[in-house]
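Just target.cif here, mmCIF, C-alpha atoms and all ligand atoms:
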```
data_target
#
loop_
_atom_site.group_PDB
_atom_site.id
_atom_site.type_symbol
_atom_site.label_atom_id
_atom_site.label_comp_id
_atom_site.auth_asym_id
_atom_site.auth_seq_id
_atom_site.Cartn_x
_atom_site.Cartn_y
_atom_site.Cartn_z
ATOM 1 C CA MET Y 940 -24.170 -13.802 -9.210
ATOM 2 C CA VAL Y 941 -22.409 -11.081 -11.165
ATOM 3 C CA ALA Y 942 -20.035 -9.222 -8.907
ATOM 4 C CA GLN Y 943 -20.248 -5.555 -8.108
ATOM 5 C CA VAL Y 944 -17.050 -3.823 -9.245
ATOM 6 C CA ILE Y 945 -15.233 -1.976 -6.461
ATOM 7 C CA ASP Y 946 -13.934 1.121 -8.246
ATOM 8 C CA GLY Y 947 -10.532 1.811 -6.677
ATOM 9 C CA LYS Y 948 -9.796 4.592 -9.121
ATOM 10 C CA ALA Y 949 -12.871 6.592 -8.088
ATOM 11 C CA PHE Y 950 -12.351 5.814 -4.395
ATOM 12 C CA ALA Y 951 -8.691 6.895 -4.583
ATOM 13 C CA ALA Y 952 -9.765 10.186 -6.180
ATOM 14 C CA LYS Y 953 -12.129 10.715 -3.235
ATOM 15 C CA VAL Y 954 -9.330 10.004 -0.725
ATOM 16 C CA ARG Y 955 -7.017 12.439 -2.550
ATOM 17 C CA THR Y 956 -9.731 15.124 -2.348
ATOM 18 C CA GLN Y 957 -9.999 14.549 1.413
ATOM 19 C CA VAL Y 958 -6.192 14.822 1.647
ATOM 20 C CA ALA Y 959 -6.183 18.027 -0.419
ATOM 21 C CA ASP Y 960 -8.852 19.536 1.886
ATOM 22 C CA GLN Y 961 -6.715 18.698 4.929
ATOM 23 C CA VAL Y 962 -3.603 20.162 3.293
ATOM 24 C CA ALA Y 963 -5.487 23.390 2.505
ATOM 25 C CA LYS Y 964 -6.660 23.552 6.137
ATOM 26 C CA LEU Y 965 -3.131 23.006 7.482
ATOM 27 C CA LYS Y 966 -1.814 25.786 5.269
ATOM 28 C CA GLU Y 967 -4.579 28.236 6.109
ATOM 29 C CA GLU Y 968 -4.999 27.619 9.822
ATOM 30 C CA ASN Y 969 -1.477 26.609 10.835
ATOM 31 C CA GLY Y 970 0.831 27.903 8.099
ATOM 32 C CA ILE Y 971 2.166 24.369 7.575
ATOM 33 C CA THR Y 972 2.665 22.647 4.218
ATOM 34 C CA PRO Y 973 3.099 18.869 4.525
ATOM 35 C CA GLY Y 974 6.216 17.597 2.730
ATOM 36 C CA LEU Y 975 7.020 14.146 1.333
ATOM 37 C CA ALA Y 976 10.569 13.100 0.427
ATOM 38 C CA VAL Y 977 11.004 10.188 -1.973
ATOM 39 C CA VAL Y 978 14.412 8.586 -2.397
ATOM 40 C CA LEU Y 979 15.194 6.524 -5.492
ATOM 41 C CA VAL Y 980 18.513 4.736 -5.851
ATOM 42 C CA GLY Y 981 19.336 3.589 -9.393
ATOM 43 C CA GLU Y 982 17.280 3.549 -12.562
ATOM 44 C CA ASP Y 983 14.867 0.617 -12.313
ATOM 45 C CA PRO Y 984 12.214 1.527 -14.928
ATOM 46 C CA ALA Y 985 9.183 0.414 -12.868
ATOM 47 C CA SER Y 986 10.474 2.317 -9.817
ATOM 48 C CA GLN Y 987 11.022 5.432 -11.936
ATOM 49 C CA VAL Y 988 7.397 5.295 -13.097
ATOM 50 C CA TYR Y 989 6.119 4.930 -9.496
ATOM 51 C CA VAL Y 990 8.325 7.734 -8.185
ATOM 52 C CA ARG Y 991 7.249 10.111 -10.956
ATOM 53 C CA SER Y 992 3.602 9.327 -10.279
ATOM 54 C CA LYS Y 993 4.042 9.822 -6.508
ATOM 55 C CA GLY Y 994 5.737 13.198 -7.065
ATOM 56 C CA LYS Y 995 2.979 14.383 -9.409
ATOM 57 C CA MET Y 996 0.140 13.427 -7.058
ATOM 58 C CA THR Y 997 1.940 14.898 -4.036
ATOM 59 C CA VAL Y 998 2.025 18.281 -5.767
ATOM 60 C CA GLU Y 999 -1.578 17.906 -6.985
ATOM 61 C CA VAL Y 1000 -2.894 17.674 -3.405
ATOM 62 C CA GLY Y 1001 -0.911 20.787 -2.469
ATOM 63 C CA MET Y 1002 1.989 19.179 -0.589
ATOM 64 C CA ASN Y 1003 5.695 19.764 -1.127
ATOM 65 C CA SER Y 1004 7.484 16.965 -2.980
ATOM 66 C CA TYR Y 1005 11.219 16.427 -2.495
ATOM 67 C CA GLU Y 1006 12.721 13.920 -4.910
ATOM 68 C CA HIS Y 1007 16.209 12.539 -4.341
ATOM 69 C CA LYS Y 1008 17.512 10.483 -7.241
ATOM 70 C CA LEU Y 1009 20.787 8.794 -6.397
ATOM 71 C CA ASP Y 1010 23.266 6.952 -8.575
ATOM 72 C CA VAL Y 1011 22.986 3.134 -8.596
ATOM 73 C CA GLU Y 1012 26.510 2.955 -7.086
ATOM 74 C CA THR Y 1013 25.584 5.148 -4.065
ATOM 75 C CA SER Y 1014 27.248 3.845 -0.892
ATOM 76 C CA GLU Y 1015 25.249 2.806 2.168
ATOM 77 C CA GLU Y 1016 27.045 5.532 4.124
ATOM 78 C CA ASP Y 1017 25.883 8.246 1.702
ATOM 79 C CA LEU Y 1018 22.301 6.943 1.650
ATOM 80 C CA LEU Y 1019 22.176 6.805 5.459
ATOM 81 C CA ALA Y 1020 23.576 10.360 5.597
ATOM 82 C CA LEU Y 1021 20.752 11.570 3.327
ATOM 83 C CA ILE Y 1022 18.122 9.819 5.462
ATOM 84 C CA ASP Y 1023 19.630 11.412 8.586
ATOM 85 C CA LYS Y 1024 19.354 14.815 6.941
ATOM 86 C CA LEU Y 1025 15.683 14.188 6.001
ATOM 87 C CA ASN Y 1026 14.943 12.867 9.523
ATOM 88 C CA ASN Y 1027 16.143 16.214 10.891
ATOM 89 C CA ASP Y 1028 14.469 18.438 8.307
ATOM 90 C CA PRO Y 1029 11.282 19.962 9.794
ATOM 91 C CA ALA Y 1030 9.853 20.609 6.295
ATOM 92 C CA VAL Y 1031 9.851 16.852 5.625
ATOM 93 C CA HIS Y 1032 6.971 14.976 7.293
ATOM 94 C CA GLY Y 1033 7.172 11.750 5.302
ATOM 95 C CA ILE Y 1034 10.124 9.786 3.921
ATOM 96 C CA LEU Y 1035 9.822 6.959 1.408
ATOM 97 C CA VAL Y 1036 12.802 4.992 0.133
ATOM 98 C CA GLN Y 1037 11.688 3.246 -3.046
ATOM 99 C CA LEU Y 1038 12.230 -0.535 -2.978
ATOM 100 C CA PRO Y 1039 13.845 -2.692 -4.183
ATOM 101 C CA LEU Y 1040 17.264 -1.182 -3.452
ATOM 102 C CA PRO Y 1041 20.373 -2.218 -5.397
ATOM 103 C CA LYS Y 1042 21.857 -5.455 -4.005
ATOM 104 C CA HIS Y 1043 24.855 -3.850 -2.225
ATOM 105 C CA LEU Y 1044 22.530 -1.905 0.111
ATOM 106 C CA ASN Y 1045 21.043 -3.507 3.229
ATOM 107 C CA GLU Y 1046 17.299 -2.856 2.896
ATOM 108 C CA ASP Y 1047 16.448 -3.577 6.561
ATOM 109 C CA LEU Y 1048 19.213 -1.299 7.810
ATOM 110 C CA VAL Y 1049 18.152 1.510 5.474
ATOM 111 C CA ILE Y 1050 14.421 1.271 6.316
ATOM 112 C CA ASN Y 1051 15.128 1.110 10.049
ATOM 113 C CA SER Y 1052 17.243 4.277 9.845
ATOM 114 C CA ILE Y 1053 14.125 6.314 8.909
ATOM 115 C CA ASP Y 1054 12.514 8.193 11.821
ATOM 116 C CA PRO Y 1055 9.458 5.968 12.591
ATOM 117 C CA ALA Y 1056 7.279 9.092 12.828
ATOM 118 C CA LYS Y 1057 8.193 9.927 9.200
ATOM 119 C CA ASP Y 1058 8.017 6.315 7.943
ATOM 120 C CA VAL Y 1059 4.984 6.786 5.678
ATOM 121 C CA ASP Y 1060 5.479 3.274 4.251
ATOM 122 C CA GLY Y 1061 5.006 1.764 7.730
ATOM 123 C CA PHE Y 1062 7.944 -0.603 7.140
ATOM 124 C CA HIS Y 1063 10.097 0.442 10.141
ATOM 125 C CA ILE Y 1064 10.337 -2.298 12.760
ATOM 126 C CA SER Y 1065 8.795 0.073 15.377
ATOM 127 C CA ASN Y 1066 5.723 0.627 13.213
ATOM 128 C CA VAL Y 1067 5.445 -3.114 12.506
ATOM 129 C CA GLY Y 1068 5.496 -3.748 16.280
ATOM 130 C CA LEU Y 1069 3.008 -0.981 17.041
ATOM 131 C CA LEU Y 1070 0.567 -2.282 14.402
ATOM 132 C CA GLY Y 1071 0.974 -5.849 15.692
ATOM 133 C CA THR Y 1072 0.085 -4.763 19.218
ATOM 134 C CA GLY Y 1073 -2.861 -2.597 18.155
ATOM 135 C CA GLN Y 1074 -1.152 0.707 18.925
ATOM 136 C CA LYS Y 1075 -1.097 3.897 16.882
ATOM 137 C CA SER Y 1076 1.413 3.513 14.042
ATOM 138 C CA MET Y 1077 2.115 4.359 10.437
ATOM 139 C CA VAL Y 1078 0.248 1.704 8.407
ATOM 140 C CA PRO Y 1079 1.608 0.261 5.123
ATOM 141 C CA CYS Y 1080 -0.184 1.943 2.215
ATOM 142 C CA THR Y 1081 -1.431 -1.015 0.155
ATOM 143 C CA PRO Y 1082 -3.091 -2.891 3.047
ATOM 144 C CA LEU Y 1083 -4.525 0.405 4.336
ATOM 145 C CA GLY Y 1084 -6.075 0.998 0.906
ATOM 146 C CA CYS Y 1085 -7.558 -2.524 0.908
ATOM 147 C CA LEU Y 1086 -9.012 -1.988 4.391
ATOM 148 C CA MET Y 1087 -10.580 1.338 3.374
ATOM 149 C CA MET Y 1088 -12.278 -0.307 0.383
ATOM 150 C CA LEU Y 1089 -13.564 -3.211 2.510
ATOM 151 C CA ARG Y 1090 -14.950 -0.852 5.173
ATOM 152 C CA ASP Y 1091 -16.536 1.326 2.512
ATOM 153 C CA HIS Y 1092 -18.179 -1.643 0.788
ATOM 154 C CA HIS Y 1093 -19.355 -3.563 3.866
ATOM 155 C CA GLY Y 1094 -19.697 -0.975 6.600
ATOM 156 C CA SER Y 1095 -18.545 -3.462 9.246
ATOM 157 C CA ILE Y 1096 -16.422 -6.550 8.463
ATOM 158 C CA SER Y 1097 -16.522 -7.798 12.057
ATOM 159 C CA GLY Y 1098 -16.760 -11.603 12.323
ATOM 160 C CA MET Y 1099 -16.100 -12.267 8.635
ATOM 161 C CA ASP Y 1100 -13.736 -15.052 7.498
ATOM 162 C CA ALA Y 1101 -10.802 -13.437 5.673
ATOM 163 C CA VAL Y 1102 -8.166 -15.346 3.735
ATOM 164 C CA ILE Y 1103 -5.029 -13.538 2.610
ATOM 165 C CA ILE Y 1104 -2.966 -15.319 -0.027
ATOM 166 C CA GLY Y 1105 0.657 -14.206 0.400
ATOM 167 C CA ARG Y 1106 2.782 -13.590 3.491
ATOM 168 C CA SER Y 1107 4.953 -10.607 2.490
ATOM 169 C CA ASN Y 1108 6.010 -7.926 4.960
ATOM 170 C CA ILE Y 1109 4.623 -5.241 2.640
ATOM 171 C CA VAL Y 1110 1.106 -6.641 2.135
ATOM 172 C CA GLY Y 1111 0.207 -10.070 3.583
ATOM 173 C CA LYS Y 1112 1.346 -9.680 7.187
ATOM 174 C CA PRO Y 1113 0.172 -6.079 7.795
ATOM 175 C CA MET Y 1114 -3.129 -6.899 6.019
ATOM 176 C CA ALA Y 1115 -3.653 -9.716 8.525
ATOM 177 C CA GLN Y 1116 -3.076 -7.310 11.438
ATOM 178 C CA LEU Y 1117 -5.535 -4.777 10.036
ATOM 179 C CA LEU Y 1118 -8.248 -7.391 9.419
ATOM 180 C CA LEU Y 1119 -7.719 -8.771 12.937
ATOM 181 C CA GLY Y 1120 -8.063 -5.213 14.222
ATOM 182 C CA ASP Y 1121 -11.476 -5.087 12.519
ATOM 183 C CA SER Y 1122 -12.397 -8.422 14.162
ATOM 184 C CA CYS Y 1123 -12.194 -10.724 11.138
ATOM 185 C CA THR Y 1124 -11.183 -14.366 11.540
ATOM 186 C CA VAL Y 1125 -7.934 -14.293 9.600
ATOM 187 C CA THR Y 1126 -6.017 -16.968 7.701
ATOM 188 C CA ILE Y 1127 -2.743 -16.270 5.913
ATOM 189 C CA ALA Y 1128 -2.245 -18.788 3.106
ATOM 190 C CA HIS Y 1129 0.983 -19.145 1.103
ATOM 191 C CA SER Y 1130 2.896 -21.374 -1.300
ATOM 192 C CA ARG Y 1131 3.103 -24.256 1.216
ATOM 193 C CA THR Y 1132 -0.553 -24.146 2.287
ATOM 194 C CA LYS Y 1133 -2.209 -27.562 2.025
ATOM 195 C CA ASP Y 1134 -5.313 -27.550 -0.175
ATOM 196 C CA LEU Y 1135 -5.298 -23.845 -0.997
ATOM 197 C CA PRO Y 1136 -8.540 -24.062 -3.037
ATOM 198 C CA ASP Y 1137 -10.372 -25.445 0.009
ATOM 199 C CA VAL Y 1138 -8.994 -22.714 2.281
ATOM 200 C CA VAL Y 1139 -9.987 -19.962 -0.172
ATOM 201 C CA ARG Y 1140 -13.485 -21.442 -0.657
ATOM 202 C CA ARG Y 1141 -14.225 -20.800 3.044
ATOM 203 C CA ALA Y 1142 -13.488 -17.076 2.795
ATOM 204 C CA ASP Y 1143 -16.001 -14.226 2.941
ATOM 205 C CA ILE Y 1144 -13.089 -11.927 2.056
ATOM 206 C CA VAL Y 1145 -10.191 -12.975 -0.201
ATOM 207 C CA VAL Y 1146 -7.106 -10.746 -0.450
ATOM 208 C CA ALA Y 1147 -4.787 -12.053 -3.169
ATOM 209 C CA ALA Y 1148 -1.209 -10.749 -2.894
ATOM 210 C CA VAL Y 1149 1.164 -13.278 -4.418
ATOM 211 C CA GLY Y 1150 2.361 -11.675 -7.640
ATOM 212 C CA ARG Y 1151 1.397 -14.595 -9.910
ATOM 213 C CA PRO Y 1152 -0.826 -13.735 -12.869
ATOM 214 C CA GLU Y 1153 -4.387 -15.095 -12.565
ATOM 215 C CA MET Y 1154 -3.418 -17.899 -10.178
ATOM 216 C CA VAL Y 1155 -6.773 -17.827 -8.339
ATOM 217 C CA PRO Y 1156 -9.515 -19.281 -10.559
ATOM 218 C CA GLY Y 1157 -13.156 -18.322 -10.124
ATOM 219 C CA ASP Y 1158 -14.212 -21.722 -8.786
ATOM 220 C CA TRP Y 1159 -12.128 -21.115 -5.630
ATOM 221 C CA ILE Y 1160 -14.335 -18.117 -4.776
ATOM 222 C CA LYS Y 1161 -17.320 -18.686 -2.491
ATOM 223 C CA GLU Y 1162 -20.618 -17.370 -3.870
ATOM 224 C CA GLY Y 1163 -20.985 -13.748 -2.769
ATOM 225 C CA ALA Y 1164 -17.446 -13.333 -1.378
ATOM 226 C CA THR Y 1165 -15.551 -10.049 -1.649
ATOM 227 C CA VAL Y 1166 -12.321 -10.303 -3.653
ATOM 228 C CA ILE Y 1167 -9.502 -7.774 -3.250
ATOM 229 C CA ASP Y 1168 -6.851 -8.339 -5.909
ATOM 230 C CA VAL Y 1169 -3.498 -6.770 -5.005
ATOM 231 C CA GLY Y 1170 -1.583 -8.318 -7.916
ATOM 232 C CA ILE Y 1171 -0.295 -6.146 -10.766
ATOM 233 C CA ASN Y 1172 1.250 -8.505 -13.321
ATOM 234 C CA ARG Y 1173 2.399 -7.613 -16.811
ATOM 235 C CA ILE Y 1174 1.663 -10.394 -19.302
ATOM 236 C CA GLU Y 1175 1.603 -10.783 -23.045
ATOM 237 C CA ARG Y 1176 -1.678 -12.052 -24.518
ATOM 238 C CA ASP Y 1177 -2.683 -12.186 -28.185
ATOM 239 C CA GLY Y 1178 0.521 -10.316 -29.004
ATOM 240 C CA LYS Y 1179 -0.410 -7.441 -26.680
ATOM 241 C CA ASN Y 1180 0.960 -6.332 -23.292
ATOM 242 C CA LYS Y 1181 -1.685 -6.506 -20.596
ATOM 243 C CA LEU Y 1182 -1.980 -5.887 -16.841
ATOM 244 C CA VAL Y 1183 -3.694 -8.664 -14.900
ATOM 245 C CA GLY Y 1184 -4.193 -9.418 -11.213
ATOM 246 C CA ASP Y 1185 -3.508 -12.523 -9.136
ATOM 247 C CA VAL Y 1186 -7.168 -13.511 -9.620
ATOM 248 C CA ASP Y 1187 -8.762 -14.649 -12.866
ATOM 249 C CA TYR Y 1188 -11.146 -11.704 -13.096
ATOM 250 C CA ALA Y 1189 -13.576 -13.080 -15.675
ATOM 251 C CA SER Y 1190 -14.379 -16.313 -13.818
ATOM 252 C CA ALA Y 1191 -14.090 -14.830 -10.298
ATOM 253 C CA SER Y 1192 -16.593 -12.092 -11.047
ATOM 254 C CA GLU Y 1193 -19.206 -14.782 -11.777
ATOM 255 C CA ASN Y 1194 -19.022 -16.035 -8.168
ATOM 256 C CA ALA Y 1195 -17.923 -13.023 -6.135
ATOM 257 C CA GLY Y 1196 -20.333 -10.521 -4.613
ATOM 258 C CA ALA Y 1197 -17.791 -7.738 -5.170
ATOM 259 C CA ILE Y 1198 -14.348 -7.571 -6.761
ATOM 260 C CA THR Y 1199 -11.564 -5.053 -7.423
ATOM 261 C CA PRO Y 1200 -10.430 -4.875 -11.071
ATOM 262 C CA VAL Y 1201 -6.830 -4.717 -12.317
ATOM 263 C CA PRO Y 1202 -5.998 -2.047 -13.288
ATOM 264 C CA GLY Y 1203 -8.215 0.423 -11.420
ATOM 265 C CA GLY Y 1204 -8.627 -1.399 -8.107
ATOM 266 C CA VAL Y 1205 -6.022 -1.544 -5.352
ATOM 267 C CA GLY Y 1206 -3.263 0.186 -7.393
ATOM 268 C CA PRO Y 1207 -4.585 3.773 -7.255
ATOM 269 C CA MET Y 1208 -5.405 3.368 -3.551
ATOM 270 C CA THR Y 1209 -1.745 2.761 -2.648
ATOM 271 C CA ILE Y 1210 -0.558 6.246 -3.648
ATOM 272 C CA ALA Y 1211 -3.711 7.855 -2.202
ATOM 273 C CA CYS Y 1212 -2.882 6.187 1.147
ATOM 274 C CA LEU Y 1213 0.734 7.343 0.915
ATOM 275 C CA LEU Y 1214 -0.561 10.920 0.678
ATOM 276 C CA ALA Y 1215 -3.007 10.230 3.535
ATOM 277 C CA ASN Y 1216 -0.144 8.891 5.693
ATOM 278 C CA THR Y 1217 1.921 11.999 4.966
ATOM 279 C CA VAL Y 1218 -0.887 14.278 6.170
ATOM 280 C CA THR Y 1219 -1.347 12.076 9.250
ATOM 281 C CA ALA Y 1220 2.409 12.227 9.989
ATOM 282 C CA CYS Y 1221 2.356 16.021 9.567
ATOM 283 C CA CYS Y 1222 -0.573 16.417 11.994
ATOM 284 C CA ARG Y 1223 1.097 14.163 14.589
ATOM 285 C CA ALA Y 1224 4.427 16.004 14.251
ATOM 286 C CA ASN Y 1225 2.663 19.282 14.976
ATOM 287 C CA GLY Y 1226 0.449 18.001 17.800
ATOM 288 C CA LEU Y 1227 -2.695 18.607 15.730
ATOM 289 C CA PRO Y 1228 -5.789 16.352 15.618
ATOM 290 C CA GLU Y 1229 -5.567 13.675 12.919
ATOM 291 C CA PRO Y 1230 -7.937 13.804 9.964
ATOM 292 C CA GLU Y 1231 -10.769 11.308 10.279
ATOM 293 C CA GLY Y 1232 -11.146 8.415 7.852
ATOM 294 C CA LEU Y 1233 -7.562 8.575 6.570
ATOM 295 C CA THR Y 1234 -5.981 6.180 9.067
ATOM 296 C CA ALA Y 1235 -6.699 2.659 10.294
HETATM 297 N N1 LIG Y 1301 8.183 -0.706 -4.187
HETATM 298 C C1 LIG Y 1301 7.014 -1.272 -4.585
HETATM 299 N N2 LIG Y 1301 6.008 -0.915 -3.741
HETATM 300 C C2 LIG Y 1301 6.558 -0.109 -2.815
HETATM 301 C C3 LIG Y 1301 6.028 0.584 -1.703
HETATM 302 O O1 LIG Y 1301 4.840 0.519 -1.365
HETATM 303 N N3 LIG Y 1301 6.917 1.332 -0.987
HETATM 304 C C4 LIG Y 1301 8.234 1.406 -1.311
HETATM 305 N N4 LIG Y 1301 9.038 2.151 -0.541
HETATM 306 N N5 LIG Y 1301 8.765 0.773 -2.347
HETATM 307 C C5 LIG Y 1301 7.924 0.030 -3.094
#
```
How would this structure read if it were set down as structure tokens?
Amino acid sequence: MVAQVIDGKAFAAKVRTQVADQVAKLKEENGITPGLAVVLVGEDPASQVYVRSKGKMTVEVGMNSYEHKLDVETSEEDLLALIDKLNNDPAVHGILVQLPLPKHLNEDLVINSIDPAKDVDGFHISNVGLLGTGQKSMVPCTPLGCLMMLRDHHGSISGMDAVIIGRSNIVGKPMAQLLLGDSCTVTIAHSRTKDLPDVVRRADIVVAAVGRPEMVPGDWIKEGATVIDVGINRIERDGKNKLVGDVDYASASENAGAITPVPGGVGPMTIACLLANTVTACCRANGLPEPEGLTA
């Protein structure tokens, strides 16, 4: 079988159009412009690229973008004071603090100081608890993007065997909650899993989120399975810099029924879902009905 390619780039563009339509409606009918504040501490090059890209796309869908770039030496007190100000600013509907933070800052403390209603990353402990108990929450962007692609491809994923490789708070664990919510049978595999190839071979859906270049070979993939590759790894091959996923794309696409490429798969969906979460947060803050198809 040669796998169907799940085009995350095209799907993300569609989601951004839906977001832009909602933003236009909010402006026209309610006089409200959704606003997203992004906080970057320090000058990590990868984080700078992400933050720039987020700001650009926020403006492109018609929302207000507020960027706060702080010195790498910023104290916890000053960062918490900024978050408090954003929590109380009615023009700000979403707040994202770019991770990782410099070592002297307590990441958990900082994230949990964000108003959960404005926590568009879905990392606040309240949102984690709400998601885990099947209640309305803000949902982490990358797993939400994966879920949207799976629903779009399959219609229903109810009853399917899903294996997630990776147990991070940002992807693995919330992905498991979302797949459970859609009635999959869910396994979370990780570095200590016994016989990982055997576990993966049972899966109808494989979500790879470990951050190790091409660690999943094609012969671990069951014939016809759907492969969602969350990895974005920079490697050097034949003297050139290349982006590859956690799955060996060439061999996996011989067995899979459908697969997301890297780049152009999950990556573009993450920012699209961040914008979707900001619109959702804005609607909730104003007691307006939530847009359909943009939340879990
Ligand atoms: N750093 C890498 N990915 C993310 C993300 O999704 N959210 C935040 N806040 N920081 C990140």
Within-10 Å residues of ligand LIG 1301 (chain Y), basis all atoms listed in the file, as a ChimeraX atom specification: /Y:977-979,985-986,989-990,1034-1040,1050,1058-1062,1079-1082,1109-1110,1209-1210,1212-1213
Would you mind exporting the chosen residues as a compact mmCIF listing (two decimals), keeping the file's coordinate frame, restricted to C-alpha atoms?
```
# COMPACT_ATOMS: atom_id res chain seq x y z
CA VAL Y 977 11.00 10.19 -1.97
CA VAL Y 978 14.41 8.59 -2.40
CA LEU Y 979 15.19 6.52 -5.49
CA ALA Y 985 9.18 0.41 -12.87
CA SER Y 986 10.47 2.32 -9.82
CA TYR Y 989 6.12 4.93 -9.50
CA VAL Y 990 8.32 7.73 -8.18
CA ILE Y 1034 10.12 9.79 3.92
CA LEU Y 1035 9.82 6.96 1.41
CA VAL Y 1036 12.80 4.99 0.13
CA GLN Y 1037 11.69 3.25 -3.05
CA LEU Y 1038 12.23 -0.54 -2.98
CA PRO Y 1039 13.84 -2.69 -4.18
CA LEU Y 1040 17.26 -1.18 -3.45
CA ILE Y 1050 14.42 1.27 6.32
CA ASP Y 1058 8.02 6.32 7.94
CA VAL Y 1059 4.98 6.79 5.68
CA ASP Y 1060 5.48 3.27 4.25
CA GLY Y 1061 5.01 1.76 7.73
CA PHE Y 1062 7.94 -0.60 7.14
CA PRO Y 1079 1.61 0.26 5.12
CA CYS Y 1080 -0.18 1.94 2.22
CA THR Y 1081 -1.43 -1.01 0.16
CA PRO Y 1082 -3.09 -2.89 3.05
CA ILE Y 1109 4.62 -5.24 2.64
CA VAL Y 1110 1.11 -6.64 2.13
CA THR Y 1209 -1.74 2.76 -2.65
CA ILE Y 1210 -0.56 6.25 -3.65
CA CYS Y 1212 -2.88 6.19 1.15
CA LEU Y 1213 0.73 7.34 0.92
```
Compile a residue-level contact table for range 1021-1115 of chain Y against range 1151-1162 of chain Y at a cut-off of 12 Å, reporting for every qualifying residue the shortest atom pair and its distance in Å to one decimal, with all atoms listed in the file counted, rows ordered by chain and ascending number, as CSV.
```
residue,atom,partner,partner_atom,distance
Y:Asp1100,CA,Y:Lys1161,CA,11.2
Y:Ala1101,CA,Y:Lys1161,CA,11.7
Y:Val1102,CA,Y:Ile1160,CA,10.9
Y:Ile1103,CA,Y:Val1155,CA,11.9
Y:Ile1104,CA,Y:Val1155,CA,9.5
Y:Gly1105,CA,Y:Arg1151,CA,10.3
```
Restricting the output to C-alpha atoms, write the selected residues as a tab-separated table (two decimals), in the coordinates of the input.
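Output (out_8.tsv):
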```tsv
chain	number	residue	atom	x	y	z
Y	1100	ASP	CA	-13.74	-15.05	7.50
Y	1101	ALA	CA	-10.80	-13.44	5.67
Y	1102	VAL	CA	-8.17	-15.35	3.74
Y	1103	ILE	CA	-5.03	-13.54	2.61
Y	1104	ILE	CA	-2.97	-15.32	-0.03
Y	1105	GLY	CA	0.66	-14.21	0.40
```
Considering all atoms listed in the file, return as a tab-separated table (two decimals) with C-alpha atoms, keeping the file's coordinate frame whatever protein or nucleic-acid residues lie within 10 Å of Ala1115 in chain Y, sequence-local ones (same chain, fewer than 4 positions apart) excluded.
```
chain	number	residue	atom	x	y	z
Y	1071	GLY	CA	0.97	-5.85	15.69
Y	1082	PRO	CA	-3.09	-2.89	3.05
Y	1101	ALA	CA	-10.80	-13.44	5.67
Y	1102	VAL	CA	-8.17	-15.35	3.74
Y	1103	ILE	CA	-5.03	-13.54	2.61
Y	1106	ARG	CA	2.78	-13.59	3.49
Y	1110	VAL	CA	1.11	-6.64	2.13
Y	1111	GLY	CA	0.21	-10.07	3.58
Y	1119	LEU	CA	-7.72	-8.77	12.94
Y	1120	GLY	CA	-8.06	-5.21	14.22
Y	1121	ASP	CA	-11.48	-5.09	12.52
Y	1123	CYS	CA	-12.19	-10.72	11.14
Y	1124	THR	CA	-11.18	-14.37	11.54
Y	1125	VAL	CA	-7.93	-14.29	9.60
Y	1126	THR	CA	-6.02	-16.97	7.70
Y	1127	ILE	CA	-2.74	-16.27	5.91
Y	1146	VAL	CA	-7.11	-10.75	-0.45
```
One-decimal distance in Å that lies between CA of Leu1018 in chain Y and CA of Met1208 in chain Y: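 Distance between the two atoms: 28.4 Å.
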Near-Ala952 in chain Y list (9 Å; all atoms listed in the file; drop same-chain fewer than 3 positions) as a list in words: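 The neighbour list is Gly947, Lys948, Ala949, Arg955, Thr956, Gln957, Pro1207, Met1208 and Ala1211 of chain Y.
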One-decimal distance in Å that lies between CA of Gly1196 in chain Y and CA of Gly1232 in chain Y: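 These two atoms are separated by 24.5 Å.
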Polymer residues at most 7 Å from Gly1001 in chain Y, only C-alpha atoms, same-chain spacing of 3 or more positions, as an NGL selection string: :Y and (959 or 962 or 997-998)
Result set of the PyMOL selection byres (((chain Y and resi 1026-1029) around 12) and not hetatm) on the coordinates above, as a PyMOL selection string: chain Y and resi 971-976+1005+1019-1025+1030-1035+1051-1058+1220-1221+1224-1225
Which of Y:Asn1003, Y:Gly1184, Y:Ala1164, Y:Pro1230 sits closest to Val941 in chain Y [using only C-alpha atoms]: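 Among the listed residues, the smallest separation from Val941 in chain Y belongs to Y:Ala1164.
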Quick one: what's the axis-aligned box for range 1106-1116 of chain Y, all listed atoms, 4 Å on every side, centre and edges in Å to one decimal, as JSON?
```
{"center_x": 1.2, "center_y": -9.4, "center_z": 6.8, "size_x": 17.7, "size_y": 16.3, "size_z": 17.3}
```
Between CA of Asp1187 in chain Y and CA of Ser1107 in chain Y, distance in Å (one decimal):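 Rounded to one decimal, the two atoms are 21.0 Å apart.
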Hits from the PyMOL selection byres (((chain Y and resi 1167-1173) around 9) and not hetatm), listed as a PyMOL selection string: chain Y and resi 945+1081-1082+1085+1088-1089+1110+1144-1153+1165-1166+1174-1175+1180-1186+1197-1202+1204-1206
Option closest in space to Asp1047 in chain Y, from Y:Gly1068, Y:Arg1141, Y:Lys953, Y:Asn1108 [counting only C-alpha atoms]: Y:Asn1108
Nearest to Gln987 in chain Y by atom-to-atom distance, counting only C-alpha atoms, from Y:Glu1046, Y:Asp1091, Y:Glu1006, Y:Glu1015: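 The shortest atom-to-atom distance to Gln987 in chain Y comes from Y:Glu1006.
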Minimum-distance residue to Arg1223 in chain Y, chosen among Y:Val1067, Y:Ala963, Y:Lys1075, Y:Ser1122 (using all atoms listed in the file): Y:Lys1075
